[in-house]
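A.B. asks: Right, I'll just put the structure down here and ask away after.
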Amino acid sequence: MTDTEIKTNTPPKKRAANIRTDKLHAFDGHPFQVNDNAEMDNLAESIRMQGVISPLIVRPMEGRPDEYEVISGHRRLYAAKKAGLFEVPALIYPLDRNEAAIAVVDSNLHREKLLPSEKAFAYRMKMEALKCQGKRSDLTLSQAATKSDTAAEIGKTQNESRDQVFRYIRLTRLIPELLQRVDEGSIALSPAVELSYLSEEQQKILLDAMSLNDCTPSHAQSIRMKKLSQQGVLSTDSIYAIMSEEKANQTERISFKVQDLRGFFPKNYTQKQMTDTILKLLYENQRKLERRRSSRDER
């Protein structure tokens, strides 16, 4: 995000400064991941050679003189520290908490690769900030209407419907272990939304049942568990019974534990990326074997 992309009702006065990295802090509740991976190594090397070309966007921290909260540039700050820099260029905006929260979200939602969890918490952060900004003018509206209007406003910037915004926000009700499965691609968005209506304890039981049966719930199974939970009759036995059902399209398969494969892949690889890479390597190996057999036959 450039300095011209900070949008408020009254454009705030900004000033440029070089700020010590130990005086810069991540925005509280920042929903976007900063991963120490190969891409980060490349960014750190670029900064080591050329410095930080695009200034960070920051705001002064209340009650903490000369300390700042990062609005845009969390990855650049991490890379700069990794590159050994002790100060970085920044543009300081005097934004309040809600203005800053909206700017944090808007400066990151344009990224090509966003995890479902990142989008979920980003949408929730922006919705809460917009609601706080407009709570006085919204006193004549019902709470449901206010939420709907806010969700529609958020969705418009991302070419998504207000219902889709609400679906993503529901993901923030999942326990971290299930949300990670959504990020990895082993649980799709639709069943994940239904599972978000289960209590935390029910979700933990479901996680155990998934591990025991080496499977994930289908959309239909997720809907059934949601209905049983809302009726107050979703028990441990019923969760295990549902997860032990054989799915119509279920086929025999070989499975690996994700933690057993992690050491062979970059830290930021999802489960789908690992699976695709394994299949690609097996395919290449098969072609090598076929070429060797052809070569022996020709002799």
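Naming scheme: A, B, ... for chains in displayed order of the structure tokens; residues 1 onward per chain; ligands 1 onward as shown.
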Considering only C-alpha atoms, give me a table of residues in range 16-82 of chain A that are at most 9 Å from range 116-126 of chain A, with the closest atom pair and distance in Å for each, as a tab-separated table.
C.D. replies:
```
residue	atom	partner	partner_atom	distance
A:Gly29	CA	A:Met125	CA	8.1
A:His30	CA	A:Ala122	CA	8.0
A:Pro31	CA	A:Glu118	CA	5.5
A:Phe32	CA	A:Glu118	CA	5.3
A:Gln33	CA	A:Glu118	CA	7.3
```
A.B. asks: Which residues are near Glu67 in chain A? Cut-off 10 Å, only C-alpha atoms, ignore same chain within fewer than 5 positions. Put them as a list of chain:residue names.
C.D. replies: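 Listing them by chain and then by number gives A:Ile19, A:Arg20, A:Thr21, A:Asp22, A:Lys23, A:Leu24, A:His25, A:Val58, A:Arg59, A:Pro60, A:Met61, A:Glu62.
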A.B. asks: Find the residues around range 226-243 of chain A up to 8 Å (only C-alpha atoms counted), leave out those fewer than 4 positions away in its own chain, and share them as a VMD selection string.
C.D. replies: chain A and resid 194 to 195 197 to 199 202 205 to 206 209 to 210 213 215 to 217 221 to 222
A.B. asks: How many Å separate CA of Pro89 in chain A from CA of Leu109 in chain A?
C.D. replies: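 So the answer is 22.9 Å.
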A.B. asks: Separation of CA of Leu115 in chain A and CA of Asp163 in chain A, in Å?
C.D. replies: 18.4 Å
A.B. asks: Set the distance at 9 Å and use only C-alpha atoms: which residues neighbour His219 in chain A once local chain neighbours fewer than 6 positions away are removed? I'd like the list as a list in words.
C.D. replies: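 Selected residues are Ala188, Ser190, Pro191, Ala192 and Glu194 of chain A.
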A.B. asks: Give me, as a ChimeraX atom specification, all polymer residues having an atom no more than 8 Å from Glu200 in chain A, counting only C-alpha atoms and skipping those fewer than 3 positions away in the same chain.
C.D. replies: /A:174-175,203-204
